[in-house]
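Some notes on the structure that comes next.
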Amino acid sequence: MGVGRRMKKQGPPPDLGKILANKRKASKFDDSKRGKRRKTSGEIKPQGPLKKGSNGTSDSGLKKSTKENFANGKPTQAQNGRNLAKEPMMPGALLDESSDDDAADLLGGEDDEDKVLPLGVLDGSEGSVDEDAIDAQDEFLESGSSVYDSDPQQERAQFSEDEDESDAEEKLTAANIAGLSRKLDLEQEEDADEARLELEEAALQTNIDGDRPKVLEDEGEDEGAASRLAPDLQLLRSRITDTIRVLDDFSKLAEEGRSRAEYTAQLLKDICLYYGYSPYLAEKLFNLFAPQEAFAFFEANESTRPVVIRTNTLRTHRRELAQSLINRGVIIEPVGKWSKVGLQVFESQVPLGATPEYLAGHYILQAASSFLPVMALAPQEQERILDMAAAPGGKTTHIAALMKNTGSIFANDSNKSRAKGLIGNIHRLGVKNTIVCNYDAKEFPRVIGGFDRVLLDAPCSGTGVIAKDPSVKMNKTEKDFMQLPHLQKQLLLCAIDSVDHASKTGGYIVYSTCSVTVEENEQVVQYALTKRPNVKLVETGLTFGVDGFVSYMGKQFDPKMKMTKRFYPHAYNVDGFFVSKFKKVAPSPGTKVKDRDSNGARNRADVVMVDRTPIVTEDEEEEAGAFGGFDESEDEKYIEKAKRNRMRRKGINPRAVNGKRPANSQKKSEDAAHSNGVKVSKTNVSAGSAPIVKAATTRVK
């Protein structure tokens, strides 16, 4: 036998689909030359004389024509009917064994151009067709030889035992890549639909009584033993989330015979154990929100707020400061669109309180929520401002920067030690228009008044800054929420009385706290509106925040209370804060303030003197005369005695000042001298001097 076809074809095999399609349509055979295939052996009977090739084997005309067609790079006219190369053959397809003429029909003809030639893999079983057998059959029919060269090492598609026909199709066929990608997309969509259906089914199952979350303990269970054990935090958290889910959809998820109060009590108990709050404070904070929002509030208090610095515009600009700090390895970005001076610090390679920029007064470490009261106050240049609780100076220096060091600021703080830090920040930041004083803020209307604007950041319980001071969770009691609001009400009335209502640019009071409780915020504002009808609430000018409560737990407040703003850590990632703004439209009761003169100078407030002498009738005067009136001679002794006592308290000797002694005291001294054997000489005794006393002498024999 001659050299096999494997020796003639080197390199990677061409596309099987194209080769077989061209072989099918390259030449047309007569029906007389077709032989019938035996199903068992695959042999074909010769129908005519054989033609030898140059290599000693049968060289078919089909083979030559195929080579000629592909050498020119163009398909033959036999391919015009249907281009089978664009429709790749599916490997692994089996031949139809219905009759002995199927093989002849599949080998091609004019009437069978629309049929697809299947490919088979010769695996040694009956009924399977090999690619080499089909190729050799064509050569044999053309050459007429009874023997053809079969190469046992001819290349064929190899599959592993665990691959099915679809896997082989995907790997061997390159033309259906787009189809495979679409198939994968469809499979992913089907998976997503199945997952969605599962979730919907699970959601439906929650409405079934047996699958409702069980968060309440039975009455017969022993709670004492469980309370003595350390709480399981993971179990507590899962129970908190389940309880909140039940409270959000109570009608569908609640257990039968259980009330909403029971679920709320269980939730508060779990919150106290999980977050470490006192029962009183946990209930007070929980009542401010819906259950889901309350859980977010408690969770936000467990994480610290971002570090924020405020640019001192008296010394630098925010862009320049940011560039300087970035060069030192600080990762910063603007705190938000609502502030033009704030910078949020994410990471720093250097301590922010010891950089050259900090020591030079280019910025100050200040919480973002502390910007809000000053922004609401909106101070103007050439105004007189009072900061009633100024330490440590963040808000005071912010006011000075907005006023560009003009006008005057009175920075007061009742704590003398805190006032020292206030003075240090004022000097470091280059503030020159501020006067620091140490008064009780309740005395300020009597100390000085007539301010254009007053800022009162009142002392509070600190429920908005629990992330900074976790001790608030346990050390605040009901007594604190009674004493602090009382002090805040007094301070707010003093702040209102200190403002000049006739100010052309001002007349505003800003009241703020770092607390979120209603007792320290809305109730204090409502008290001021009731006691001072000459003020009214106005818009704060802040672009974000939650409106204040108009009603809370049965209490109704002024409808304009919605002009106040609340800020929560879980909503804006700032400390909890409350800001309100008043406008004074008339003088306070009992005072009269003159308007400014034409030059804009402010005159001092003239206090109206009230004559408090009781008004008596004529009959009462006659009764007073009949009584006898006063005895002036008797009163003179008491008046003199009071004068001497007053001089003694001042460290002055009354005798030296008067220059004479009373007569009764002089007589008493003479009597004492005679009784002691002392001779009193009355000579040379002037009227204004004391008598000369000589001691008695005795002769000794």
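Starting from 1 in every chain, residues are counted up; chains themselves are A, B, ... following the order of the structure tokens, and ligands are numbered from 1 as listed.
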Residue neighbourhood Gly336 in chain A, 12 Å, only C-alpha atoms, exclusion window fewer than 3 positions, as a ChimeraX atom specification
/A:308,332-333,339-344,368-369,371,543-544,572-574
DSSP strand (DSSP E) selection over range 291-338 of chain A, as a ChimeraX atom specification
/A:307-311,331-334
Contacts of Lys479 in chain A at 12 Å or less, counting only C-alpha atoms, minus same-chain residues fewer than 6 places along, as a ChimeraX atom specification?
/A:280-281,461,485-486
Give me the residues near Glu383 in chain A as a PyMOL selection string, where near means some atom within 8 Å (using only C-alpha atoms) and where sequence neighbours in that chain fewer than 3 positions away do not count.
chain A and resi 379-380+406-408+451-453
Write out as a PDB file with C-alpha atoms, in the first residue's frame each polymer residue whose atoms come within 12 Å of range 232-241 of chain A, counting only C-alpha atoms; drop sequence neighbours fewer than 5 positions from it.
```pdb
ATOM      1  CA  PRO A 213     -40.680  34.823  64.222  1.00  0.00           C
ATOM      2  CA  LYS A 214     -40.866  33.849  67.874  1.00  0.00           C
ATOM      3  CA  VAL A 215     -39.156  36.525  69.928  1.00  0.00           C
ATOM      4  CA  LEU A 216     -41.240  36.531  73.092  1.00  0.00           C
ATOM      5  CA  GLU A 217     -40.625  33.992  75.802  1.00  0.00           C
ATOM      6  CA  ALA A 226     -31.175  33.087  81.757  1.00  0.00           C
ATOM      7  CA  SER A 227     -30.582  36.530  83.280  1.00  0.00           C
ATOM      8  CA  VAL A 246     -42.663  42.238  63.662  1.00  0.00           C
ATOM      9  CA  LEU A 247     -43.348  45.810  64.828  1.00  0.00           C
ATOM     10  CA  ASP A 248     -43.141  47.111  61.245  1.00  0.00           C
ATOM     11  CA  TYR A 263     -42.891  43.403  71.772  1.00  0.00           C
ATOM     12  CA  THR A 264     -41.785  46.957  72.559  1.00  0.00           C
ATOM     13  CA  ALA A 265     -40.825  46.014  76.105  1.00  0.00           C
ATOM     14  CA  GLN A 266     -38.814  43.046  74.837  1.00  0.00           C
ATOM     15  CA  LEU A 267     -37.057  45.246  72.280  1.00  0.00           C
ATOM     16  CA  LEU A 268     -36.116  47.855  74.889  1.00  0.00           C
ATOM     17  CA  LYS A 269     -34.805  45.133  77.157  1.00  0.00           C
ATOM     18  CA  ASP A 270     -32.621  43.721  74.394  1.00  0.00           C
ATOM     19  CA  ILE A 271     -31.364  47.218  73.464  1.00  0.00           C
ATOM     20  CA  CYS A 272     -30.323  47.868  77.055  1.00  0.00           C
ATOM     21  CA  LEU A 273     -28.387  44.585  77.149  1.00  0.00           C
ATOM     22  CA  TYR A 274     -26.831  44.880  73.695  1.00  0.00           C
ATOM     23  CA  TYR A 275     -25.853  48.579  73.690  1.00  0.00           C
ATOM     24  CA  GLY A 276     -25.512  49.234  77.420  1.00  0.00           C
ATOM     25  CA  PRO A 291     -38.620  51.104  65.483  1.00  0.00           C
ATOM     26  CA  GLN A 292     -36.459  50.742  62.369  1.00  0.00           C
ATOM     27  CA  GLU A 293     -35.065  54.282  62.667  1.00  0.00           C
ATOM     28  CA  ALA A 294     -34.498  53.881  66.388  1.00  0.00           C
ATOM     29  CA  PHE A 295     -32.371  50.813  65.706  1.00  0.00           C
ATOM     30  CA  ALA A 296     -30.342  52.825  63.163  1.00  0.00           C
ATOM     31  CA  PHE A 298     -28.599  53.237  68.436  1.00  0.00           C
ATOM     32  CA  GLU A 299     -26.307  51.590  65.899  1.00  0.00           C
TER      33      GLU A 299
END
```
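Note that CA of Phe289 in chain A and CA of Lys489 in chain A are 25.1 Å apart.
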For range 350-358 of chain A, list every protein, DNA or RNA residue within 9 Å, evaluated using only C-alpha atoms, and leave out those in the same chain fewer than 4 positions away; present the list as a PDB file with C-alpha atoms, in the first residue's frame.
```
ATOM      1  CA  LEU A 321      -4.894  74.549  53.507  1.00  0.00           C
ATOM      2  CA  SER A 324      -0.616  71.900  52.456  1.00  0.00           C
ATOM      3  CA  LEU A 325      -2.125  69.041  54.413  1.00  0.00           C
ATOM      4  CA  ARG A 328       1.998  66.145  54.579  1.00  0.00           C
ATOM      5  CA  GLY A 329       0.213  62.872  53.867  1.00  0.00           C
ATOM      6  CA  VAL A 330      -3.279  63.771  55.057  1.00  0.00           C
ATOM      7  CA  HIS A 362      -4.812  78.001  59.853  1.00  0.00           C
ATOM      8  CA  TYR A 363      -7.442  75.607  61.157  1.00  0.00           C
ATOM      9  CA  ILE A 364      -9.132  74.333  64.301  1.00  0.00           C
ATOM     10  CA  LEU A 365     -10.424  70.875  65.157  1.00  0.00           C
ATOM     11  CA  ARG A 428      -3.804  81.334  67.991  1.00  0.00           C
TER      12      ARG A 428
END
```
Residues at most 9 Å from Gly393 in chain A, counting only C-alpha atoms, excluding those fewer than 3 positions away in the same chain, as an NGL selection string?
:A and (390 or 396-398 or 411 or 419 or 421-426)
Serialized selection, N, CA and C atoms, as a compact mmCIF listing (two decimals), in the first residue's frame:
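Below is the file out-v1.txt, written as the result:
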```
# COMPACT_ATOMS: atom_id res chain seq x y z
N ALA A 390 -19.18 80.34 75.49
CA ALA A 390 -18.24 80.41 74.37
C ALA A 390 -17.18 79.32 74.36
N THR A 396 -16.99 80.94 68.63
CA THR A 396 -16.60 82.35 68.73
C THR A 396 -15.66 82.75 67.60
N THR A 397 -14.65 81.93 67.35
CA THR A 397 -13.70 82.24 66.28
C THR A 397 -14.36 82.12 64.91
N HIS A 398 -15.34 81.24 64.77
CA HIS A 398 -16.08 81.15 63.50
C HIS A 398 -16.87 82.45 63.26
N ALA A 411 -17.37 87.17 74.38
CA ALA A 411 -17.31 85.73 74.59
C ALA A 411 -17.33 85.46 76.09
N ALA A 419 -12.33 79.10 80.31
CA ALA A 419 -12.07 80.37 79.65
C ALA A 419 -10.60 80.51 79.25
N GLY A 421 -8.71 78.11 77.92
CA GLY A 421 -8.62 77.51 76.59
C GLY A 421 -9.25 78.38 75.53
N LEU A 422 -10.32 79.09 75.90
CA LEU A 422 -10.95 80.02 74.96
C LEU A 422 -9.99 81.13 74.57
N ILE A 423 -9.27 81.67 75.54
CA ILE A 423 -8.31 82.74 75.25
C ILE A 423 -7.19 82.22 74.36
N GLY A 424 -6.72 81.00 74.62
CA GLY A 424 -5.64 80.44 73.80
C GLY A 424 -6.05 80.28 72.34
N ASN A 425 -7.24 79.79 72.08
CA ASN A 425 -7.69 79.64 70.69
C ASN A 425 -7.90 80.99 70.02
N ILE A 426 -8.36 81.98 70.77
CA ILE A 426 -8.56 83.31 70.19
C ILE A 426 -7.23 83.90 69.74
```
Which of A:Gly361, A:Lys284, A:Glu539, A:Phe250 sits closest to Val518 in chain A [using only C-alpha atoms]
A:Lys284
Do you have the CA of Leu285 in chain A-CA of Phe481 in chain A distance handy?
12.6 Å
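As for CA of Ala367 in chain A and CA of Val436 in chain A, they are spaced 22.4 Å apart.
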Could you write out, as number ranges by chain, all the residues of range 489-518 of chain A that DSSP marks as helix (DSSP H, G or I)?
A: 489-497
